[in-house]
file model36.csv (CSV, C-alpha atoms)
chain,number,residue,atom,x,y,z
C,1,MET,CA,128.8,115.8,115.8
C,2,LEU,CA,128.6,112.0,116.3
C,3,ILE,CA,127.3,110.2,113.3
C,4,ALA,CA,126.1,106.6,113.3
C,5,GLY,CA,125.8,104.4,110.2
C,6,LEU,CA,123.8,101.2,110.5
C,7,GLN,CA,125.1,98.5,108.2
C,8,VAL,CA,122.2,96.0,108.3
C,9,ASP,CA,120.6,93.2,106.4
C,10,LEU,CA,117.3,94.0,104.9
C,11,VAL,CA,114.2,91.8,104.7
C,12,TRP,CA,113.2,91.7,101.0
C,13,GLU,CA,110.1,93.7,100.3
C,14,ASP,CA,108.9,93.6,104.0
C,15,ARG,CA,108.8,97.0,105.5
C,16,GLU,CA,107.3,96.0,108.8
C,17,ALA,CA,110.0,93.5,109.4
C,18,ASN,CA,112.6,96.1,108.5
C,19,TYR,CA,111.1,98.6,110.9
C,20,ALA,CA,111.3,96.0,113.7
C,21,ARG,CA,114.9,95.2,112.9
C,22,LEU,CA,115.9,98.9,112.7
C,23,GLN,CA,114.1,100.3,115.8
C,24,PRO,CA,116.5,98.8,118.4
C,25,ARG,CA,119.5,99.6,116.4
C,26,ILE,CA,118.4,103.3,116.1
C,27,ALA,CA,117.8,103.4,119.8
C,28,ALA,CA,121.3,102.0,120.5
C,29,ALA,CA,122.8,104.6,118.2
C,30,ALA,CA,120.9,107.4,120.0
C,31,SER,CA,122.0,106.0,123.4
C,32,CYS,CA,125.6,106.3,122.2
C,33,GLY,CA,125.1,110.0,121.6
C,34,ALA,CA,124.7,109.9,117.8
C,35,ARG,CA,123.0,113.0,116.5
C,36,LEU,CA,122.6,111.7,112.9
C,37,VAL,CA,121.8,108.1,112.1
C,38,VAL,CA,122.2,106.9,108.5
C,39,LEU,CA,120.3,103.9,107.1
C,40,PRO,CA,121.1,102.0,103.9
C,41,GLU,CA,119.4,102.7,100.5
C,42,MET,CA,115.8,101.4,100.2
C,43,PHE,CA,115.8,100.5,103.9
C,44,PRO,CA,112.1,99.4,103.9
C,45,CYS,CA,112.4,96.8,101.2
C,46,GLY,CA,115.8,96.3,99.6
C,47,PHE,CA,116.7,97.4,96.0
C,48,SER,CA,113.5,96.0,94.4
C,49,MET,CA,112.1,97.0,91.0
C,50,ASP,CA,108.6,95.7,91.8
C,51,VAL,CA,107.2,99.2,92.3
C,52,ASP,CA,103.6,98.1,92.1
C,53,ARG,CA,104.2,96.2,95.3
C,54,ILE,CA,106.6,98.4,97.3
C,55,ALA,CA,106.2,102.0,96.2
C,56,GLU,CA,104.7,104.2,98.9
C,57,PRO,CA,102.6,107.3,98.7
C,58,PHE,CA,104.0,110.7,99.6
C,59,ASP,CA,104.4,110.9,103.4
C,60,GLY,CA,103.7,107.2,103.5
C,61,PRO,CA,104.4,104.6,106.2
C,62,SER,CA,108.2,104.6,105.9
C,63,VAL,CA,108.4,108.4,106.0
C,64,GLN,CA,106.2,108.3,109.1
C,65,PHE,CA,108.5,105.7,110.6
C,66,LEU,CA,111.5,108.0,110.1
C,67,ALA,CA,109.7,111.1,111.4
C,68,ALA,CA,108.3,109.3,114.5
C,69,THR,CA,111.5,107.6,115.4
C,70,ALA,CA,113.5,110.8,115.0
C,71,ARG,CA,111.1,112.6,117.3
C,72,GLN,CA,111.1,109.8,119.8
C,73,HIS,CA,114.9,109.9,120.2
C,74,GLY,CA,115.5,113.6,119.4
C,75,ILE,CA,117.9,112.9,116.6
C,76,TRP,CA,118.3,113.2,112.8
C,77,ILE,CA,117.7,110.0,110.7
C,78,ALA,CA,118.3,109.6,107.0
C,79,GLY,CA,117.5,106.7,104.7
C,80,SER,CA,116.1,106.1,101.2
C,81,LEU,CA,112.8,104.6,100.2
C,82,PRO,CA,110.5,104.2,97.1
C,83,GLU,CA,108.2,107.2,97.2
C,84,ARG,CA,105.5,108.1,94.6
C,85,VAL,CA,104.1,111.6,94.2
C,86,GLY,CA,100.6,111.4,92.8
C,87,ASP,CA,100.3,109.0,89.8
C,88,ASP,CA,103.9,109.6,88.6
C,89,MET,CA,106.6,107.0,88.5
C,90,PRO,CA,108.1,106.8,92.0
C,91,SER,CA,111.6,108.1,92.9
C,92,ASN,CA,114.3,106.5,95.0
C,93,THR,CA,114.1,109.2,97.7
C,94,LEU,CA,116.4,109.9,100.6
C,95,VAL,CA,114.3,111.3,103.4
C,96,LEU,CA,116.0,113.2,106.3
C,97,ALA,CA,113.9,113.5,109.4
C,98,SER,CA,114.8,116.1,112.0
C,99,PRO,CA,114.4,115.8,115.8
C,100,THR,CA,111.1,117.7,115.4
C,101,GLY,CA,109.9,115.3,112.7
C,102,ALA,CA,110.4,118.0,110.0
C,103,LEU,CA,111.4,116.4,106.6
C,104,GLN,CA,113.7,117.1,103.7
C,105,ARG,CA,114.0,115.1,100.6
C,106,TYR,CA,116.7,114.2,98.0
C,107,ARG,CA,115.8,112.2,95.0
C,108,LYS,CA,118.4,110.0,93.4
C,109,LEU,CA,119.9,111.9,90.4
C,110,HIS,CA,121.3,108.8,88.6
C,111,PRO,CA,119.0,105.7,88.4
C,112,PHE,CA,121.1,102.6,87.9
C,113,THR,CA,120.4,101.9,84.2
C,114,PHE,CA,122.5,98.6,84.3
C,115,ALA,CA,119.7,97.2,86.6
C,116,ARG,CA,117.0,99.1,84.6
C,117,GLU,CA,116.2,101.2,87.6
C,118,HIS,CA,115.4,104.1,85.2
C,119,HIS,CA,112.4,102.0,83.9
C,120,HIS,CA,110.9,101.9,87.3
C,121,TYR,CA,112.1,105.1,89.1
C,122,ARG,CA,112.1,108.7,88.0
C,123,ALA,CA,115.4,110.5,88.2
C,124,GLY,CA,115.7,113.5,90.6
C,125,THR,CA,116.7,116.9,89.4
C,126,GLU,CA,118.3,118.7,92.3
C,127,ARG,CA,121.3,118.3,94.6
C,128,VAL,CA,120.4,118.9,98.3
C,129,THR,CA,122.6,120.2,101.1
C,130,THR,CA,121.4,120.5,104.7
C,131,THR,CA,123.1,122.1,107.7
C,132,ILE,CA,122.8,119.8,110.7
C,133,GLU,CA,124.0,121.3,113.9
C,134,GLY,CA,126.6,123.3,112.1
C,135,LEU,CA,127.7,120.5,109.7
C,136,ARG,CA,126.9,120.9,106.0
C,137,CYS,CA,125.7,117.6,104.7
C,138,THR,CA,125.1,116.8,101.0
C,139,TRP,CA,123.2,113.6,100.2
C,140,PHE,CA,123.7,111.0,97.5
C,141,ILE,CA,122.4,107.5,96.7
C,142,CYS,CA,124.4,104.5,95.6
C,143,TYR,CA,125.1,104.9,91.8
C,144,ASP,CA,125.4,108.7,92.2
C,145,LEU,CA,128.9,107.9,93.7
C,146,ARG,CA,130.3,107.2,90.3
C,147,PHE,CA,129.6,110.8,89.1
C,148,ALA,CA,132.4,113.0,90.4
C,149,ASP,CA,130.9,116.1,88.9
C,150,GLU,CA,127.9,116.0,91.2
C,151,PHE,CA,130.3,116.0,94.2
C,152,TRP,CA,132.5,118.7,92.7
C,153,ALA,CA,129.5,120.9,92.2
C,154,THR,CA,128.7,121.0,95.9
C,155,ALA,CA,132.2,120.8,97.4
C,156,ASP,CA,132.5,124.5,98.4
C,157,ASP,CA,129.3,124.2,100.5
C,158,THR,CA,129.9,120.7,101.9
C,159,ASP,CA,131.6,119.4,105.0
C,160,CYS,CA,130.2,115.9,104.8
C,161,TYR,CA,128.9,113.8,101.9
C,162,VAL,CA,126.4,111.1,102.9
C,163,VAL,CA,126.0,108.2,100.5
C,164,VAL,CA,123.4,105.4,101.2
C,165,ALA,CA,123.7,102.3,99.1
C,166,ASN,CA,122.7,98.8,98.1
C,167,TRP,CA,126.1,98.2,96.4
C,168,PRO,CA,126.6,94.5,95.6
C,169,GLN,CA,129.6,92.4,96.5
C,170,LYS,CA,130.8,91.9,93.0
C,171,ARG,CA,131.7,95.6,92.7
C,172,ARG,CA,132.8,96.1,96.3
C,173,HIS,CA,136.3,97.3,95.2
C,174,HIS,CA,134.7,100.1,93.2
C,175,TRP,CA,132.6,101.2,96.2
C,176,SER,CA,135.5,101.4,98.5
C,177,THR,CA,137.8,103.1,96.0
C,178,LEU,CA,135.2,105.7,95.0
C,179,LEU,CA,134.3,106.6,98.6
C,180,ALA,CA,138.0,107.4,99.3
C,181,ALA,CA,138.3,109.3,96.0
C,182,ARG,CA,135.3,111.5,96.8
C,183,ALA,CA,136.7,112.3,100.2
C,184,ILE,CA,140.3,113.1,99.0
C,185,GLU,CA,139.4,115.1,95.9
C,186,ASN,CA,136.8,117.2,97.7
C,187,GLN,CA,138.5,117.4,101.1
C,188,ALA,CA,135.4,116.5,102.9
C,189,TYR,CA,134.1,113.7,105.1
C,190,VAL,CA,132.3,110.9,103.3
C,191,VAL,CA,129.8,108.6,105.1
C,192,GLY,CA,129.1,105.6,102.9
C,193,ILE,CA,126.5,103.2,104.4
C,194,ASN,CA,125.7,100.0,102.6
C,195,ARG,CA,123.6,96.9,103.4
C,196,VAL,CA,124.8,93.4,104.0
C,197,GLY,CA,123.1,90.0,103.3
C,198,ARG,CA,121.3,88.8,100.3
C,199,GLY,CA,118.4,90.4,98.4
C,200,GLY,CA,117.0,90.1,94.9
C,201,GLY,CA,119.5,87.5,94.0
C,202,LEU,CA,122.5,89.6,94.9
C,203,GLU,CA,125.1,89.4,97.7
C,204,TYR,CA,126.0,92.4,99.8
C,205,THR,CA,129.1,92.7,101.9
C,206,GLY,CA,128.6,96.2,103.3
C,207,ASP,CA,132.1,97.7,103.3
C,208,SER,CA,130.6,100.8,104.9
C,209,ALA,CA,133.0,103.5,105.9
C,210,ILE,CA,133.3,106.9,107.4
C,211,LEU,CA,136.3,108.8,105.9
C,212,ASP,CA,137.9,112.0,107.0
C,213,PRO,CA,138.8,114.8,104.5
C,214,TRP,CA,142.2,113.1,103.8
C,215,GLY,CA,140.5,109.8,102.9
C,216,THR,CA,141.6,108.2,106.2
C,217,PRO,CA,139.0,105.7,107.5
C,218,LEU,CA,137.5,106.7,110.9
C,219,ALA,CA,135.3,103.7,111.0
C,220,ARG,CA,134.7,100.8,108.5
C,221,ALA,CA,133.2,97.4,108.5
C,222,SER,CA,132.3,94.5,106.1
C,223,GLY,CA,130.5,91.3,106.1
C,224,ALA,CA,128.2,91.6,109.1
C,225,GLU,CA,125.6,93.8,110.7
C,226,THR,CA,127.1,96.5,112.8
C,227,MET,CA,127.1,100.2,113.8
C,228,LEU,CA,129.8,102.6,112.6
C,229,LEU,CA,130.4,105.6,114.8
C,230,ALA,CA,132.6,108.7,114.1
C,231,ASP,CA,132.9,112.2,115.4
C,232,VAL,CA,132.6,114.6,112.5
C,233,THR,CA,133.4,118.3,112.8
C,234,PRO,CA,133.4,121.1,110.2
C,235,GLU,CA,136.6,122.6,111.7
C,236,VAL,CA,138.6,119.6,110.5
C,237,VAL,CA,137.3,120.2,106.9
C,238,ALA,CA,138.2,123.9,107.1
C,239,ASP,CA,141.7,123.1,108.4
C,240,ALA,CA,142.4,120.5,105.7
C,241,ARG,CA,141.4,123.0,103.0
C,242,ARG,CA,143.5,125.7,104.6
C,243,VAL,CA,146.6,123.5,105.0
C,244,PHE,CA,146.4,122.0,101.5
C,245,PRO,CA,144.1,124.3,99.4
C,246,VAL,CA,143.3,122.0,96.4
C,247,LEU,CA,139.8,123.4,95.9
C,248,ASN,CA,141.3,126.8,95.1
C,249,ASP,CA,142.9,125.4,92.0
C,250,ARG,CA,139.8,123.6,90.7
C,251,ARG,CA,138.6,124.9,87.3
C,252,HIS,CA,134.8,125.2,86.9
C,253,SER,CA,133.5,124.9,83.4
call {"tool": "encode", "arguments": {"input": "model36.csv", "output": "structure tokens"}}
result
Amino acid sequence: MLIAGLQVDLVWEDREANYARLQPRIAAAASCGARLVVLPEMFPCGFSMDVDRIAEPFDGPSVQFLAATARQHGIWIAGSLPERVGDDMPSNTLVLASPTGALQRYRKLHPFTFAREHHHYRAGTERVTTTIEGLRCTWFICYDLRFADEFWATADDTDCYVVVANWPQKRRHHWSTLLAARAIENQAYVVGINRVGRGGGLEYTGDSAILDPWGTPLARASGAETMLLADVTPEVVADARRVFPVLNDRRHS
């Protein structure tokens, strides 16, 4: 399955501007044959803590944008957004839209306490794995990448980890190192899609990558807006685990 990751700049707290920026890029990915298109974390607004301004209702405008665009192109699209359910604190929610517009959600398990995200966004409680055209994808958001146990817990049922992010330039080495580690230790693909540009006073250099189960980059980019493309197949994962059966020796507590 061909996966496209869109490493883009995001207009701060302006979802209509971000929709306009993303629409032609998603169309270009679909025209290349991508079946899954991955957007960065908080694609409508950037990593803002001003939830009174940016939080959207359940099935709000950004969810409708994803669903309508996925239906238009007959593809799968994933990206995270600030979504509120009722009167509760919103969650940083990854929404996956299918070619029919059907939706699945993953809520970020680990809010970034260093930036006080936990004061503005409610933590999720469940890991989520979705089978997309035979490929088992497990979803994570940014800071989740630092918690290896979450990846370990789903490894047996995962071919591809998808991590969407707003990971700043000052810790770019951590991002690239941890993406590779998660691929190598779990013998699975890792798709890590980060933003570029400036938002909320922070610089972002992207460093997005698609890694195979051996940790080898199939596509990567930094510093500029671009589209990453890679063909991802579950057979490659199964073969890596057969040839070098590390997961069989993992101890589960």
call {"tool": "atom_distance", "arguments": {"input": "model36.csv", "atom1": "CA of Glu13 (chain C)", "atom2": "CA of Ser80 (chain C)"}}
result
13.8 Å
call {"tool": "closest_residue", "arguments": {"input": "model36.csv", "among": "C:Gln23, C:Gln7, C:Thr138, C:Ser48", "to": "Glu225 (chain C)", "atoms": "only C-alpha atoms"}}
result
C:Gln7
call {"tool": "atom_distance", "arguments": {"input": "model36.csv", "atom1": "CA of Arg122 (chain C)", "atom2": "CA of Val162 (chain C)"}}
result
20.8 Å
call {"tool": "atom_distance", "arguments": {"input": "model36.csv", "atom1": "CA of Val191 (chain C)", "atom2": "CA of Ala70 (chain C)"}}
result
19.2 Å
call {"tool": "residues_near_point", "arguments": {"input": "model36.csv", "point": "(139.5, 120.5, 110.0)", "cutoff": "10 Å", "atoms": "all atoms listed in the file", "output": "list in words"}}
result
Asp159, Gln187, Ala188, Tyr189, Asp212, Pro213, Val232, Thr233, Pro234, Glu235, Val236, Val237, Ala238, Asp239, Ala240, Arg241, Arg242 and Val243 of chain C
call {"tool": "write_last_selection", "arguments": {"input": "model36.csv", "atoms": "C-alpha atoms", "output": "mmCIF file, keeping the file's coordinate frame"}}
result
data_model
loop_
_atom_site.group_PDB
_atom_site.id
_atom_site.type_symbol
_atom_site.label_atom_id
_atom_site.label_comp_id
_atom_site.auth_asym_id
_atom_site.auth_seq_id
_atom_site.Cartn_x
_atom_site.Cartn_y
_atom_site.Cartn_z
ATOM 1 C CA ASP C 159 131.600 119.400 105.000
ATOM 2 C CA GLN C 187 138.500 117.400 101.100
ATOM 3 C CA ALA C 188 135.400 116.500 102.900
ATOM 4 C CA TYR C 189 134.100 113.700 105.100
ATOM 5 C CA ASP C 212 137.900 112.000 107.000
ATOM 6 C CA PRO C 213 138.800 114.800 104.500
ATOM 7 C CA VAL C 232 132.600 114.600 112.500
ATOM 8 C CA THR C 233 133.400 118.300 112.800
ATOM 9 C CA PRO C 234 133.400 121.100 110.200
ATOM 10 C CA GLU C 235 136.600 122.600 111.700
ATOM 11 C CA VAL C 236 138.600 119.600 110.500
ATOM 12 C CA VAL C 237 137.300 120.200 106.900
ATOM 13 C CA ALA C 238 138.200 123.900 107.100
ATOM 14 C CA ASP C 239 141.700 123.100 108.400
ATOM 15 C CA ALA C 240 142.400 120.500 105.700
ATOM 16 C CA ARG C 241 141.400 123.000 103.000
ATOM 17 C CA ARG C 242 143.500 125.700 104.600
ATOM 18 C CA VAL C 243 146.600 123.500 105.000
#
call {"tool": "closest_residue", "arguments": {"input": "model36.csv", "among": "C:Leu39, C:Leu211, C:Met89, C:Ile141", "to": "Arg107 (chain C)", "atoms": "only C-alpha atoms"}}
result
C:Ile141
call {"tool": "residues_around", "arguments": {"input": "model36.csv", "residues": "Val196 (chain C)", "least_positions_apart": "2", "cutoff": "12 Å", "atoms": "all atoms listed in the file", "output": "PyMOL selection string"}}
result
chain C and resi 6-11+39-41+43+46+165-169+172+193-194+198-199+202-208+221-226
call {"tool": "closest_residue", "arguments": {"input": "model36.csv", "among": "C:Cys142, C:Leu228, C:Leu135, C:Ala55", "to": "Val37 (chain C)", "atoms": "only C-alpha atoms"}}
result
C:Leu228
call {"tool": "closest_residue", "arguments": {"input": "model36.csv", "among": "C:Trp214, C:Phe140, C:Phe114, C:Phe65", "to": "Leu22 (chain C)", "atoms": "all atoms listed in the file"}}
result
C:Phe65
call {"tool": "closest_residue", "arguments": {"input": "model36.csv", "among": "C:Cys32, C:Ile210, C:Leu103, C:Ala17", "to": "Asp59 (chain C)", "atoms": "all atoms listed in the file"}}
result
C:Leu103
call {"tool": "build_atoms", "arguments": {"input": "model36.csv", "residues": "region 171-192 of chain C", "atoms": "N, CA and C atoms", "output": "PDB file, in the frame of the given file"}}
result
ATOM      1  N   ARG C 171     131.033  94.306  92.979  1.00  0.00           N
ATOM      2  CA  ARG C 171     131.700  95.600  92.700  1.00  0.00           C
ATOM      3  C   ARG C 171     132.154  96.289  93.925  1.00  0.00           C
ATOM      4  N   ARG C 172     132.479  95.532  94.960  1.00  0.00           N
ATOM      5  CA  ARG C 172     132.800  96.100  96.300  1.00  0.00           C
ATOM      6  C   ARG C 172     134.106  96.969  96.159  1.00  0.00           C
ATOM      7  N   HIS C 173     135.058  96.550  95.311  1.00  0.00           N
ATOM      8  CA  HIS C 173     136.300  97.300  95.200  1.00  0.00           C
ATOM      9  C   HIS C 173     135.995  98.714  94.625  1.00  0.00           C
ATOM     10  N   HIS C 174     135.059  98.813  93.698  1.00  0.00           N
ATOM     11  CA  HIS C 174     134.700 100.100  93.200  1.00  0.00           C
ATOM     12  C   HIS C 174     134.103 101.008  94.261  1.00  0.00           C
ATOM     13  N   TRP C 175     133.226 100.446  95.063  1.00  0.00           N
ATOM     14  CA  TRP C 175     132.600 101.200  96.200  1.00  0.00           C
ATOM     15  C   TRP C 175     133.634 101.786  97.093  1.00  0.00           C
ATOM     16  N   SER C 176     134.537 100.952  97.586  1.00  0.00           N
ATOM     17  CA  SER C 176     135.500 101.400  98.500  1.00  0.00           C
ATOM     18  C   SER C 176     136.475 102.461  97.922  1.00  0.00           C
ATOM     19  N   THR C 177     136.864 102.220  96.684  1.00  0.00           N
ATOM     20  CA  THR C 177     137.800 103.100  96.000  1.00  0.00           C
ATOM     21  C   THR C 177     137.121 104.480  95.746  1.00  0.00           C
ATOM     22  N   LEU C 178     135.882 104.468  95.303  1.00  0.00           N
ATOM     23  CA  LEU C 178     135.200 105.700  95.000  1.00  0.00           C
ATOM     24  C   LEU C 178     134.855 106.517  96.241  1.00  0.00           C
ATOM     25  N   LEU C 179     134.513 105.851  97.330  1.00  0.00           N
ATOM     26  CA  LEU C 179     134.300 106.600  98.600  1.00  0.00           C
ATOM     27  C   LEU C 179     135.553 107.362  98.973  1.00  0.00           C
ATOM     28  N   ALA C 180     136.701 106.690  98.919  1.00  0.00           N
ATOM     29  CA  ALA C 180     138.000 107.400  99.300  1.00  0.00           C
ATOM     30  C   ALA C 180     138.272 108.490  98.303  1.00  0.00           C
ATOM     31  N   ALA C 181     138.035 108.257  97.022  1.00  0.00           N
ATOM     32  CA  ALA C 181     138.300 109.300  96.000  1.00  0.00           C
ATOM     33  C   ALA C 181     137.477 110.535  96.283  1.00  0.00           C
ATOM     34  N   ARG C 182     136.202 110.352  96.587  1.00  0.00           N
ATOM     35  CA  ARG C 182     135.300 111.500  96.800  1.00  0.00           C
ATOM     36  C   ARG C 182     135.768 112.309  98.035  1.00  0.00           C
ATOM     37  N   ALA C 183     136.239 111.620  99.060  1.00  0.00           N
ATOM     38  CA  ALA C 183     136.700 112.300 100.200  1.00  0.00           C
ATOM     39  C   ALA C 183     138.001 113.106  99.911  1.00  0.00           C
ATOM     40  N   ILE C 184     138.947 112.452  99.239  1.00  0.00           N
ATOM     41  CA  ILE C 184     140.300 113.100  99.000  1.00  0.00           C
ATOM     42  C   ILE C 184     140.119 114.244  98.019  1.00  0.00           C
ATOM     43  N   GLU C 185     139.392 114.059  96.920  1.00  0.00           N
ATOM     44  CA  GLU C 185     139.400 115.100  95.900  1.00  0.00           C
ATOM     45  C   GLU C 185     138.541 116.322  96.324  1.00  0.00           C
ATOM     46  N   ASN C 186     137.596 116.130  97.248  1.00  0.00           N
ATOM     47  CA  ASN C 186     136.800 117.200  97.700  1.00  0.00           C
ATOM     48  C   ASN C 186     137.119 117.724  99.100  1.00  0.00           C
ATOM     49  N   GLN C 187     138.094 117.072  99.743  1.00  0.00           N
ATOM     50  CA  GLN C 187     138.500 117.400 101.100  1.00  0.00           C
ATOM     51  C   GLN C 187     137.359 117.583 102.037  1.00  0.00           C
ATOM     52  N   ALA C 188     136.551 116.523 102.066  1.00  0.00           N
ATOM     53  CA  ALA C 188     135.400 116.500 102.900  1.00  0.00           C
ATOM     54  C   ALA C 188     135.209 115.096 103.493  1.00  0.00           C
ATOM     55  N   TYR C 189     134.477 115.013 104.596  1.00  0.00           N
ATOM     56  CA  TYR C 189     134.100 113.700 105.100  1.00  0.00           C
ATOM     57  C   TYR C 189     133.204 112.999 104.113  1.00  0.00           C
ATOM     58  N   VAL C 190     133.283 111.680 104.085  1.00  0.00           N
ATOM     59  CA  VAL C 190     132.300 110.900 103.300  1.00  0.00           C
ATOM     60  C   VAL C 190     131.824 109.766 104.266  1.00  0.00           C
ATOM     61  N   VAL C 191     130.509 109.691 104.374  1.00  0.00           N
ATOM     62  CA  VAL C 191     129.800 108.600 105.100  1.00  0.00           C
ATOM     63  C   VAL C 191     129.147 107.742 104.112  1.00  0.00           C
ATOM     64  N   GLY C 192     129.660 106.536 103.907  1.00  0.00           N
ATOM     65  CA  GLY C 192     129.100 105.600 102.900  1.00  0.00           C
ATOM     66  C   GLY C 192     128.503 104.402 103.679  1.00  0.00           C
TER      67      GLY C 192
END
